[in-house]
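Colleague: What follows is final_24.tsv; its format and atoms are TSV, C-alpha atoms and all ligand atoms.
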```
chain	number	residue	atom	x	y	z
Z	585	MET	CA	33.77	-16.87	-43.59
Z	586	PRO	CA	36.61	-18.38	-45.66
Z	587	VAL	CA	34.72	-17.87	-48.96
Z	588	VAL	CA	34.67	-14.09	-48.42
Z	589	LYS	CA	38.36	-14.05	-47.57
Z	590	ASP	CA	39.17	-16.10	-50.70
Z	591	PHE	CA	37.10	-13.76	-52.87
Z	592	PHE	CA	38.88	-10.60	-51.73
Z	593	ILE	CA	42.31	-12.21	-51.78
Z	594	ALA	CA	41.62	-13.27	-55.39
Z	595	LEU	CA	40.66	-9.68	-56.22
Z	596	SER	CA	43.84	-8.37	-54.59
Z	597	ASN	CA	45.79	-10.66	-56.95
Z	598	ASN	CA	43.89	-9.55	-60.05
Z	599	LYS	CA	46.22	-7.42	-62.14
Z	600	PHE	CA	43.49	-6.07	-64.44
Z	601	MET	CA	41.37	-4.83	-61.51
Z	602	ASN	CA	44.45	-3.31	-59.88
Z	603	GLU	CA	45.39	-1.47	-63.05
Z	604	SER	CA	41.84	-0.20	-63.63
Z	605	ALA	CA	41.52	0.97	-60.04
Z	606	LYS	CA	44.84	2.83	-60.21
Z	607	LYS	CA	43.47	5.15	-62.89
Z	608	MET	CA	40.52	6.36	-60.83
Z	609	GLY	CA	42.10	7.12	-57.42
Z	610	PRO	CA	41.00	5.64	-54.06
Z	611	ALA	CA	37.33	4.68	-54.26
Z	612	LEU	CA	34.91	2.11	-52.79
Z	613	GLY	CA	35.72	3.42	-49.29
Z	614	ALA	CA	39.49	2.99	-49.70
Z	615	ASN	CA	40.01	6.70	-49.02
Z	616	LYS	CA	39.23	5.91	-45.37
Z	617	VAL	CA	42.22	3.56	-45.09
Z	618	VAL	CA	44.64	5.08	-47.62
Z	619	ALA	CA	46.05	8.44	-46.50
Z	620	GLY	CA	46.16	10.04	-49.96
Z	621	VAL	CA	47.65	9.69	-53.40
Z	622	ASP	CA	50.69	11.89	-52.85
Z	623	ILE	CA	53.37	12.58	-50.28
Z	624	ASP	CA	52.09	16.11	-49.49
Z	625	SER	CA	48.72	14.99	-48.18
Z	626	THR	CA	50.40	12.08	-46.42
Z	627	ILE	CA	52.80	14.38	-44.59
Z	628	ASP	CA	49.78	16.38	-43.35
Z	629	THR	CA	48.31	13.16	-41.98
Z	630	VAL	CA	51.59	12.24	-40.29
Z	631	GLU	CA	51.82	15.68	-38.67
Z	632	ARG	CA	48.32	15.27	-37.26
Z	633	LEU	CA	49.17	11.83	-35.87
Z	634	ASN	CA	52.52	13.02	-34.47
Z	635	MET	CA	50.64	15.71	-32.54
Z	636	LYS	CA	48.74	12.90	-30.82
Z	637	GLY	CA	51.99	11.19	-29.82
Z	638	ILE	CA	51.84	8.64	-32.63
Z	639	SER	CA	54.77	7.93	-34.92
Z	640	CYS	CA	54.22	6.63	-38.46
Z	641	THR	CA	55.57	4.16	-40.95
Z	642	LEU	CA	54.83	5.11	-44.55
Z	643	ASP	CA	54.07	2.63	-47.30
Z	644	ASN	CA	54.09	3.95	-50.86
Z	645	LEU	CA	51.68	1.36	-52.26
Z	646	GLY	CA	52.77	-0.64	-55.29
Z	647	GLU	CA	51.69	-4.03	-56.65
Z	648	PHE	CA	52.62	-6.08	-59.72
Z	649	VAL	CA	56.02	-4.59	-60.46
Z	650	THR	CA	57.28	-6.47	-63.53
Z	651	SER	CA	59.94	-4.22	-65.08
Z	652	ARG	CA	63.28	-2.93	-63.84
Z	653	GLN	CA	62.14	0.56	-64.71
Z	654	GLU	CA	59.11	0.30	-62.39
Z	655	ALA	CA	61.30	-1.09	-59.61
Z	656	LEU	CA	63.81	1.74	-59.98
Z	657	GLU	CA	61.00	4.29	-59.92
Z	658	ALA	CA	59.67	2.70	-56.73
Z	659	GLN	CA	63.14	2.92	-55.21
Z	660	GLN	CA	63.45	6.61	-56.13
Z	661	ASN	CA	60.01	7.31	-54.69
Z	662	ILE	CA	60.99	5.71	-51.40
Z	663	VAL	CA	64.20	7.77	-51.24
Z	664	GLU	CA	62.14	10.88	-51.97
Z	665	ILE	CA	59.74	10.03	-49.13
Z	666	MET	CA	62.66	9.65	-46.71
Z	667	ARG	CA	64.03	13.00	-47.89
Z	668	ARG	CA	60.66	14.70	-47.44
Z	669	ASN	CA	60.15	13.14	-44.00
Z	670	TYR	CA	63.57	14.36	-42.93
Z	671	ASN	CA	63.04	17.89	-44.24
Z	672	ALA	CA	59.57	18.12	-42.70
Z	673	ASN	CA	61.08	16.94	-39.40
Z	674	ILE	CA	58.26	14.50	-38.80
Z	675	ASP	CA	58.35	11.29	-36.80
Z	676	ALA	CA	58.04	8.77	-39.63
Z	677	HIS	CA	60.03	6.02	-41.31
Z	678	VAL	CA	59.29	3.83	-44.33
Z	679	SER	CA	57.93	0.33	-44.84
Z	680	ILE	CA	58.90	-1.22	-48.15
Z	681	LYS	CA	58.01	-4.33	-50.13
Z	682	LEU	CA	60.78	-6.19	-51.92
Z	683	THR	CA	58.46	-7.25	-54.76
Z	684	GLN	CA	58.06	-3.53	-55.45
Z	685	LEU	CA	61.84	-3.28	-55.72
Z	686	GLY	CA	62.17	-6.12	-58.21
Z	687	LEU	CA	62.31	-9.30	-56.09
Z	688	ASN	CA	60.40	-11.26	-58.72
Z	689	ILE	CA	62.54	-9.89	-61.54
Z	690	ASP	CA	66.02	-10.56	-60.18
Z	691	ARG	CA	66.96	-11.11	-56.53
Z	692	GLU	CA	70.38	-9.44	-56.80
Z	693	PHE	CA	68.76	-6.40	-58.45
Z	694	ALA	CA	66.19	-6.16	-55.61
Z	695	TYR	CA	69.00	-6.44	-53.06
Z	696	GLN	CA	70.95	-3.62	-54.70
Z	697	ASN	CA	67.82	-1.44	-54.84
Z	698	THR	CA	67.14	-2.02	-51.16
Z	699	ARG	CA	70.78	-1.43	-50.23
Z	700	GLU	CA	70.63	1.88	-52.09
Z	701	ILE	CA	67.62	2.89	-49.96
Z	702	LEU	CA	69.52	2.04	-46.78
Z	703	LEU	CA	72.58	4.00	-47.90
Z	704	LYS	CA	70.34	7.01	-48.56
Z	705	ALA	CA	68.59	6.51	-45.20
Z	706	HIS	CA	71.96	7.34	-43.65
Z	707	GLU	CA	71.78	10.82	-45.22
Z	708	TYR	CA	68.28	11.32	-43.87
Z	709	GLY	CA	68.88	10.91	-40.15
Z	710	ASN	CA	69.64	7.19	-40.37
Z	711	THR	CA	65.91	6.62	-40.56
Z	712	PHE	CA	64.60	3.10	-40.00
Z	713	VAL	CA	63.57	0.99	-43.02
Z	714	ASN	CA	61.17	-1.89	-42.50
Z	715	ILE	CA	60.96	-4.72	-45.01
Z	716	ASP	CA	57.36	-5.94	-45.02
Z	717	ALA	CA	56.50	-9.63	-45.22
Z	718	GLU	CA	54.62	-10.69	-48.34
Z	719	LYS	CA	53.41	-14.00	-49.79
Z	720	TYR	CA	55.11	-17.22	-48.75
Z	721	GLU	CA	56.55	-17.61	-52.27
Z	722	ASP	CA	58.58	-14.43	-51.59
Z	723	LEU	CA	59.81	-15.50	-48.15
Z	724	VAL	CA	63.08	-17.17	-49.16
Z	725	GLY	CA	64.08	-14.18	-51.31
Z	726	THR	CA	63.08	-11.74	-48.59
Z	727	THR	CA	65.00	-13.46	-45.78
Z	728	GLU	CA	68.03	-13.89	-48.02
Z	729	ILE	CA	68.11	-10.13	-48.63
Z	730	VAL	CA	67.40	-9.26	-44.98
Z	731	ASP	CA	70.23	-11.59	-43.93
Z	732	LYS	CA	72.67	-9.75	-46.18
Z	733	LEU	CA	71.50	-6.29	-45.17
Z	734	LYS	CA	71.43	-6.86	-41.43
Z	735	GLY	CA	75.19	-7.48	-41.51
Z	736	GLU	CA	75.78	-4.08	-43.02
Z	737	PHE	CA	73.04	-1.86	-41.56
Z	738	LYS	CA	71.58	-1.38	-38.10
Z	739	ASN	CA	68.50	0.52	-39.29
Z	740	VAL	CA	66.82	-2.34	-41.12
Z	741	GLY	CA	64.11	-4.66	-39.82
Z	742	THR	CA	61.46	-7.04	-41.05
Z	743	VAL	CA	58.19	-8.78	-40.23
Z	744	ILE	CA	57.24	-12.18	-38.82
Z	745	GLN	CA	53.88	-13.69	-39.84
Z	746	ALA	CA	52.41	-15.81	-37.04
Z	747	TYR	CA	50.34	-17.97	-39.40
Z	748	LEU	CA	53.52	-19.60	-40.75
Z	749	PHE	CA	54.44	-22.92	-39.12
Z	750	ASP	CA	58.05	-21.76	-39.32
Z	751	ALA	CA	57.47	-18.34	-37.73
Z	752	MET	CA	59.22	-19.13	-34.44
Z	753	ASN	CA	62.38	-20.37	-36.20
Z	754	ILE	CA	62.51	-17.31	-38.43
Z	755	MET	CA	61.97	-15.01	-35.45
Z	756	ASP	CA	64.73	-16.69	-33.45
Z	757	LYS	CA	67.16	-15.98	-36.29
Z	758	TYR	CA	66.48	-12.26	-35.90
Z	759	ASN	CA	66.94	-11.85	-32.16
Z	760	ASP	CA	69.07	-8.73	-32.64
Z	761	VAL	CA	67.05	-7.25	-35.50
Z	762	ARG	CA	64.09	-4.91	-35.07
Z	763	LEU	CA	60.93	-6.91	-35.89
Z	764	ARG	CA	57.25	-6.32	-36.47
Z	765	LEU	CA	55.07	-9.26	-35.39
Z	766	VAL	CA	51.78	-9.77	-37.27
Z	767	LYS	CA	49.24	-12.54	-37.73
Z	768	GLY	CA	49.71	-12.61	-41.55
Z	769	ALA	CA	47.61	-11.12	-44.34
Z	770	TYR	CA	47.82	-13.49	-47.32
Z	771	LYS	CA	46.22	-16.81	-48.15
Z	772	GLU	CA	48.70	-19.62	-47.59
Z	773	ALA	CA	48.37	-23.37	-48.10
Z	774	PRO	CA	47.58	-25.72	-45.19
Z	775	HIS	CA	50.98	-27.41	-45.43
Z	776	ILE	CA	52.68	-24.02	-44.84
Z	777	ALA	CA	50.46	-22.07	-42.49
Z	778	PHE	CA	47.88	-22.37	-39.72
Z	779	GLN	CA	44.38	-21.91	-41.09
Z	780	THR	CA	42.19	-21.22	-38.07
Z	781	LYS	CA	42.01	-18.02	-36.03
Z	782	GLU	CA	42.53	-20.03	-32.81
Z	783	GLU	CA	45.79	-21.58	-34.04
Z	784	ILE	CA	47.08	-18.31	-35.47
Z	785	ASP	CA	46.23	-16.35	-32.31
Z	786	LYS	CA	47.93	-18.99	-30.14
Z	787	ASN	CA	51.12	-18.86	-32.19
Z	788	TYR	CA	50.98	-15.06	-32.27
Z	789	ILE	CA	50.89	-14.85	-28.48
Z	790	ALA	CA	53.70	-17.42	-28.18
Z	791	LEU	CA	55.85	-15.37	-30.56
Z	792	ILE	CA	55.15	-12.08	-28.77
Z	793	GLU	CA	55.93	-13.50	-25.33
Z	794	LYS	CA	59.21	-15.12	-26.42
Z	795	ARG	CA	60.26	-12.04	-28.32
Z	796	LEU	CA	59.55	-9.64	-25.47
Z	797	LEU	CA	61.42	-11.84	-23.02
Z	798	THR	CA	64.49	-12.56	-25.14
Z	799	ALA	CA	65.01	-10.03	-27.93
Z	800	LYS	CA	67.99	-7.71	-28.08
Z	801	ALA	CA	66.18	-5.34	-30.43
Z	802	PHE	CA	62.96	-3.33	-30.62
Z	803	THR	CA	59.63	-5.08	-31.28
Z	804	SER	CA	56.48	-3.80	-32.97
Z	805	ILE	CA	53.28	-5.62	-32.11
Z	806	ALA	CA	51.03	-4.90	-35.08
Z	807	THR	CA	47.41	-5.85	-34.47
Z	808	HIS	CA	43.92	-4.42	-34.01
Z	809	ASP	CA	43.02	-7.30	-31.72
Z	810	HIS	CA	42.08	-5.97	-28.26
Z	811	ASN	CA	42.49	-9.46	-26.74
Z	812	VAL	CA	46.12	-9.58	-27.87
Z	813	ILE	CA	46.75	-5.96	-26.87
Z	814	ASN	CA	45.29	-6.51	-23.37
Z	815	HIS	CA	47.33	-9.67	-23.02
Z	816	VAL	CA	50.54	-7.82	-23.94
Z	817	LYS	CA	49.82	-4.99	-21.49
Z	818	GLN	CA	49.41	-7.49	-18.65
Z	819	PHE	CA	52.38	-9.59	-19.78
Z	820	VAL	CA	54.83	-6.67	-19.81
Z	821	LYS	CA	53.59	-5.60	-16.38
Z	822	ASP	CA	53.97	-9.10	-14.93
Z	823	HIS	CA	57.48	-9.51	-16.36
Z	824	ASN	CA	58.76	-5.99	-15.78
Z	825	ILE	CA	59.41	-5.47	-19.46
Z	826	SER	CA	60.33	-1.90	-20.35
Z	827	ARG	CA	57.81	-0.01	-22.46
Z	828	ASP	CA	60.78	1.32	-24.41
Z	829	SER	CA	61.47	-2.11	-25.84
Z	830	PHE	CA	58.27	-2.32	-27.85
Z	831	GLU	CA	55.43	-0.45	-29.51
Z	832	PHE	CA	51.94	-1.23	-30.72
Z	833	GLN	CA	51.13	-0.65	-34.39
Z	834	MET	CA	47.85	-0.40	-36.28
Z	835	LEU	CA	46.88	0.33	-39.86
Z	836	TYR	CA	45.71	3.84	-40.72
Z	837	GLY	CA	41.91	4.13	-40.68
Z	838	PHE	CA	41.24	1.14	-38.41
Z	839	ARG	CA	40.22	1.49	-34.74
Z	840	THR	CA	41.60	5.04	-34.65
Z	841	ASP	CA	40.05	5.95	-31.29
Z	842	TYR	CA	41.51	2.81	-29.79
Z	843	ALA	CA	44.93	3.75	-31.21
Z	844	TYR	CA	44.69	7.22	-29.59
Z	845	GLN	CA	43.68	5.61	-26.30
Z	846	ILE	CA	46.70	3.27	-26.29
Z	847	ALA	CA	49.05	6.16	-27.10
Z	848	ASN	CA	47.42	8.22	-24.33
Z	849	GLU	CA	48.09	5.43	-21.86
Z	850	GLY	CA	51.79	6.04	-22.49
Z	851	TYR	CA	52.64	3.14	-24.77
Z	852	ASN	CA	54.77	3.72	-27.85
Z	853	PHE	CA	52.45	3.68	-30.81
Z	854	CYS	CA	53.14	3.69	-34.54
Z	855	MET	CA	50.56	3.99	-37.34
Z	856	TYR	CA	51.14	2.23	-40.65
Z	857	VAL	CA	50.14	4.84	-43.24
Z	858	PRO	CA	49.71	3.62	-46.83
Z	859	PHE	CA	49.42	6.09	-49.66
Z	860	GLY	CA	49.65	6.24	-53.44
Z	861	GLU	CA	47.64	5.31	-56.50
Z	862	ASP	CA	48.04	1.56	-56.19
Z	863	TRP	CA	45.41	1.17	-53.46
Z	864	PHE	CA	43.26	-1.70	-54.77
Z	865	GLY	CA	45.28	-4.78	-53.71
Z	866	TYR	CA	45.96	-3.31	-50.27
Z	867	PHE	CA	42.28	-2.44	-49.76
Z	868	MET	CA	41.07	-5.87	-50.92
Z	869	ARG	CA	43.40	-7.57	-48.40
Z	870	ARG	CA	41.88	-5.40	-45.66
Z	871	LEU	CA	38.38	-6.43	-46.75
Z	872	ALA	CA	39.50	-10.06	-46.68
Z	873	GLU	CA	40.55	-9.63	-43.04
Z	874	ARG	CA	37.37	-7.96	-41.91
Z	875	PRO	CA	34.25	-8.48	-44.02
Z	876	GLN	CA	32.38	-5.87	-41.92
Z	877	ASN	CA	34.31	-3.29	-43.96
Z	878	ILE	CA	32.28	-4.33	-46.99
Z	879	ASN	CA	29.62	-2.00	-45.61
Z	880	LEU	CA	31.99	0.95	-46.06
Z	881	MET	CA	32.47	-0.09	-49.63
Z	882	LEU	CA	28.79	-0.59	-50.44
Z	883	LEU	CA	27.91	2.86	-49.09
Z	884	ASP	CA	30.68	4.37	-51.18
Z	885	ILE	CA	29.79	2.55	-54.40
Z	886	PHE	CA	26.27	3.96	-54.27
Z	887	SER	CA	27.20	7.48	-53.22
Z	888	GLU	CA	26.53	10.36	-55.65
Z	889	LYS	CA	30.17	11.39	-55.94
Z	890	ASN	CA	31.19	7.97	-57.21
Z	891	LYS	CA	28.81	7.63	-60.13
Z	892	GLY	CA	31.71	7.90	-62.61
Z	893	LYS	CA	33.65	5.21	-60.80
Z	894	ILE	CA	30.88	2.65	-60.76
Z	895	ALA	CA	32.49	0.17	-63.18
Z	896	ILE	CA	34.98	-1.33	-60.80
Z	897	GLY	CA	32.52	-1.19	-57.90
Z	898	ALA	CA	29.97	-2.99	-60.04
Z	899	SER	CA	32.46	-5.78	-60.75
Z	900	VAL	CA	33.18	-6.27	-57.07
Z	901	LEU	CA	29.49	-6.11	-56.30
Z	902	ALA	CA	28.64	-8.66	-58.97
Z	903	GLY	CA	31.13	-11.05	-57.39
Z	904	LEU	CA	29.67	-10.47	-53.94
Z	905	THR	CA	26.15	-11.04	-55.20
Z	906	LEU	CA	27.18	-14.27	-56.91
Z	907	LEU	CA	28.59	-15.43	-53.61
Z	908	GLY	CA	25.46	-14.22	-51.80
Z	909	ILE	CA	27.65	-11.97	-49.65
Z	910	GLY	CA	26.20	-8.52	-50.37
Z	911	GLY	CA	23.12	-9.24	-48.27
Z	912	ILE	CA	25.16	-10.63	-45.43
Z	913	ALA	CA	27.37	-7.57	-45.41
Z	914	LYS	CA	24.45	-5.17	-45.49
Z	915	GLY	CA	22.87	-6.97	-42.55
Z	916	LYS	CA	25.97	-6.63	-40.38
Z	917	LYS	CA	26.62	-3.68	-38.15
Z	918	LYS	CA	30.08	-2.10	-38.19
L	1001	LIG	C1	50.84	-2.06	-38.69
L	1001	LIG	C2	50.57	-3.34	-39.41
L	1001	LIG	C3	51.49	-3.81	-40.34
L	1001	LIG	C4	51.26	-5.01	-41.00
L	1001	LIG	N1	52.21	-5.52	-41.85
L	1001	LIG	C5	52.03	-6.74	-42.41
L	1001	LIG	C6	53.04	-7.37	-43.20
L	1001	LIG	O1	54.13	-6.82	-43.44
L	1001	LIG	N2	52.77	-8.58	-43.73
L	1001	LIG	C7	51.59	-9.25	-43.51
L	1001	LIG	O2	51.41	-10.37	-43.98
L	1001	LIG	N3	50.61	-8.66	-42.77
L	1001	LIG	C8	50.80	-7.45	-42.23
L	1001	LIG	N4	49.79	-6.88	-41.47
L	1001	LIG	C9	48.43	-7.49	-41.46
L	1001	LIG	C10	48.29	-8.55	-40.39
L	1001	LIG	O3	49.05	-9.67	-40.76
L	1001	LIG	C11	46.81	-8.97	-40.22
L	1001	LIG	O4	46.37	-9.52	-41.43
L	1001	LIG	C12	45.89	-7.84	-39.81
L	1001	LIG	O5	46.49	-7.00	-38.89
L	1001	LIG	C13	44.59	-8.40	-39.21
L	1001	LIG	O6	44.86	-9.10	-38.05
L	1001	LIG	P1	44.69	-8.46	-36.57
L	1001	LIG	O7	45.88	-8.88	-35.79
L	1001	LIG	O8	44.49	-7.01	-36.68
L	1001	LIG	O9	43.44	-9.15	-35.92
L	1001	LIG	P2	42.17	-9.91	-36.50
L	1001	LIG	O10	42.37	-11.37	-36.23
L	1001	LIG	O11	41.84	-9.45	-37.87
L	1001	LIG	O12	41.05	-9.34	-35.55
L	1001	LIG	C14	40.93	-9.83	-34.23
L	1001	LIG	C15	39.76	-9.16	-33.54
L	1001	LIG	O13	40.06	-7.78	-33.33
L	1001	LIG	C16	38.87	-7.01	-33.50
L	1001	LIG	N5	39.06	-6.08	-34.63
L	1001	LIG	C17	39.93	-6.21	-35.65
L	1001	LIG	N6	39.82	-5.17	-36.48
L	1001	LIG	C18	38.87	-4.37	-36.00
L	1001	LIG	C19	38.30	-3.14	-36.41
L	1001	LIG	N7	38.70	-2.52	-37.51
L	1001	LIG	N8	37.32	-2.60	-35.64
L	1001	LIG	C20	36.89	-3.22	-34.52
L	1001	LIG	N9	37.39	-4.39	-34.09
L	1001	LIG	C21	38.36	-4.96	-34.81
L	1001	LIG	C22	37.74	-7.98	-33.77
L	1001	LIG	O14	37.14	-8.32	-32.55
L	1001	LIG	C23	38.47	-9.19	-34.35
L	1001	LIG	O15	37.80	-10.39	-34.17
L	1001	LIG	C24	50.04	-5.72	-40.76
L	1001	LIG	C25	49.13	-5.25	-39.82
L	1001	LIG	C26	49.38	-4.09	-39.14
L	1001	LIG	C27	48.38	-3.64	-38.11
```
Rewrite the structure of this file - the entire thing - as structure tokens.
Modeller:
Amino acid sequence: MPVVKDFFIALSNNKFMNESAKKMGPALGANKVVAGVDIDSTIDTVERLNMKGISCTLDNLGEFVTSRQEALEAQQNIVEIMRRNYNANIDAHVSIKLTQLGLNIDREFAYQNTREILLKAHEYGNTFVNIDAEKYEDLVGTTEIVDKLKGEFKNVGTVIQAYLFDAMNIMDKYNDVRLRLVKGAYKEAPHIAFQTKEEIDKNYIALIEKRLLTAKAFTSIATHDHNVINHVKQFVKDHNISRDSFEFQMLYGFRTDYAYQIANEGYNFCMYVPFGEDWFGYFMRRLAERPQNINLMLLDIFSEKNKGKIAIGASVLAGLTLLGIGGIAKGKKK
């Protein structure tokens, strides 16, 4: 349902809604997919997941960074998370977004901020730092910074989005860099990216297969798609690919039992754990991917405990009603 996807992507890009949501803490069902607002509760979550044999990558959520001050604060927060992870002796690294570190303010400034994080990572057990992939408009800046950093650091990696026509070329450039392969979460134009699920899935499989056969670095296959996961399991068996060369990843709060099952089967598994006050954009992108989750949100909007938080829920709901989506969502089973 492209109209639903467009609606939630537009909300994720709405600065006013993001700012309003930040003040009230995770609501509308977001608390099921965001681990908490602070590092303490997030570390508890990581410890629980570690006990199940699952490692974690932590994302301190942050959207719409427009000042150097905000970018520097984001950088310090990330360093603090690495420090806390190290001291707590948990199995977790960080995933960062370059826009949060000032990419849209000044590319050199964002590079220096990211480099600082990698220098600090050295102090904290040389922990891995993943640079997430964002909108296409940020791709050139992101790859430019990754290219510079990969020459200096071994513990840096990035993400390839299968919906991009150029995904294979970008992936080939990073044969010796740790990569996460995803389908892609943003809305991109038809001259840049595949638009249908069939085309994206096909390219995703092609990327995974080539990567697993040829890469000289670790690969994270980040998806909730059982068809892709089953395909990978069979593919690695058929081609004698070591389980140590890759892991599966999922987002916190989605298909948790399935995640536990995969980890139990002996595959490396890593959970992407977002936390922090800036939950709205992240949550709206998740709703865009899977409209069934709207049910979670509707239940939460009308729950007793959320009466004081109804304003933002009402805005989302009004939009859904205008689009005639509320009824559709209510009618769907999770
Ligand atoms: C760990 C991780 C990190 C990511 N990092 C990035 C990034 O840096 N940049 C970026 O652009 N995107 C990122 N993404 C998002 C990614 O690009 C996709 O938008 C997102 O994962 C949805 O695609 P999917 O592969 O899970 O499968 P989809 O195509 O959404 O789903 C395929 C099928 O899987 C099943 N399924 C999916 N979800 C569920 C569920 N919750 N319950 C039951 N069945 C389900 C359904 O049958 C569905 O039809 C990341 C995703 C993950 C998991």
Colleague: Could you list the protein, DNA and RNA residues that have any atom within 7 Å of ligand LIG 1001 (chain L), counting only C-alpha atoms and all ligand atoms, and write them as a PyMOL selection string?
Modeller: chain Z and resi 716-718+743+745+766-770+781+806-810+833-835+838-839+855-856+873-874
Colleague: Excluding same-chain residues fewer than 4 positions from Z:Gln660, what lies within 10 Å of it counting only C-alpha atoms, as a PyMOL selection string?
Modeller: chain Z and resi 654-656+664-666+697+700-701
Colleague: How many Å separate atom CA of Z:His823 from atom CA of Z:Ala799?
Modeller: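 That distance, rounded to one decimal, is 13.8 Å.
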Colleague: Restricting the calculation to only C-alpha atoms, which member of Z:Val740, Z:Val630, Z:Phe712, Z:Cys640 is positioned closest to Z:Ala672?
Modeller: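 Residue with the minimum atom-to-atom distance to Z:Ala672: Z:Val630.
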Colleague: Quick one: 6 Å padding each side, axis-aligned, all listed atoms of stretch 722-739 of chain Z - centre and edge lengths in Å to one decimal, as lines of an AutoDock Vina configuration file?
Modeller:
```
center_x = 67.2
center_y = -8.3
center_z = -44.8
size_x = 29.2
size_y = 29.7
size_z = 25.5
```
Colleague: Could you work out how far atom CA of Z:Val663 lies from atom CA of Z:Ala605, giving the answer in Å with one decimal?
Modeller: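 Computed distance, atom CA of Z:Ala605 to atom CA of Z:Val663, equals 25.3 Å.
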Colleague: Pick from Z:Tyr708, Z:Gly609, Z:Ala614, Z:Asn671: nearest to Z:Met868, with only C-alpha atoms counted?
Modeller: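 The shortest atom-to-atom distance to Z:Met868 comes from Z:Ala614.
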Colleague: From the options Z:Asp675, Z:Asp731, Z:Asp756, Z:Asp822, which residue's atoms come nearest to Z:Thr629, counting only C-alpha atoms?
Modeller: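 The closest residue to Z:Thr629 is Z:Asp675.
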Colleague: Using atom CA of Z:Met601 and atom CA of Z:Arg870 as the two end points, give the distance in Å to one decimal.
Modeller: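 Computed distance, atom CA of Z:Met601 to atom CA of Z:Arg870, equals 15.9 Å.
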Colleague: When distances are computed from all atoms listed in the file, which of Z:Ile776, Z:Lys800, Z:Pro858, Z:Phe591 shows the smallest separation from Z:Lys681?
Modeller: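 The shortest atom-to-atom distance to Z:Lys681 comes from Z:Pro858.
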Colleague: Name the residues in contact with Z:Glu728 at a cut-off of 12 Å, using only C-alpha atoms, excluding same-chain residues fewer than 3 positions from it; report them as a PyMOL selection string.
Modeller: chain Z and resi 682+687+691-692+694-695+715+722-725+731-735+742+754+757
Colleague: With all atoms listed in the file as the counted atoms, please give the residues lying no more than 12 Å from Z:Pro586, apart from itself and same-chain residues fewer than 6 positions off, as JSON, numbers by chain.
Modeller: {"Z": [592, 593, 771, 779, 780, 781, 872, 873, 874, 875, 907, 909]}
Colleague: Would you please work out which residue, of Z:Thr641, Z:Phe749, Z:Arg652, Z:Leu595, is nearest to Z:Val713 when using all atoms listed in the file?
Modeller: Z:Thr641
Colleague: Just checking: using all atoms listed in the file, which residue out of Z:Asn814, Z:Gln876, Z:Ser804, Z:Asn739 ends up closest to Z:Leu791?
Modeller: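 Closest to Z:Leu791 of all the choices is Z:Ser804.
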Colleague: Neighbours of Z:Glu782 within 12 Å (all atoms listed in the file; same-chain residues fewer than 4 positions away dropped), as a PyMOL selection string?
Modeller: chain Z and resi 746-747+767+778+786-789
Colleague: Can you tell me, as a list in words, what residues are no more than 9 Å from Z:Phe867 when counting all atoms listed in the file, ignoring any on the same chain fewer than 4 positions away?
Modeller: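 With the cut-off at 9 Å, the set is Ser596, Gly613, Ala614, Val617, Val618, Trp863, Leu871 and Ala872 of chain Z.
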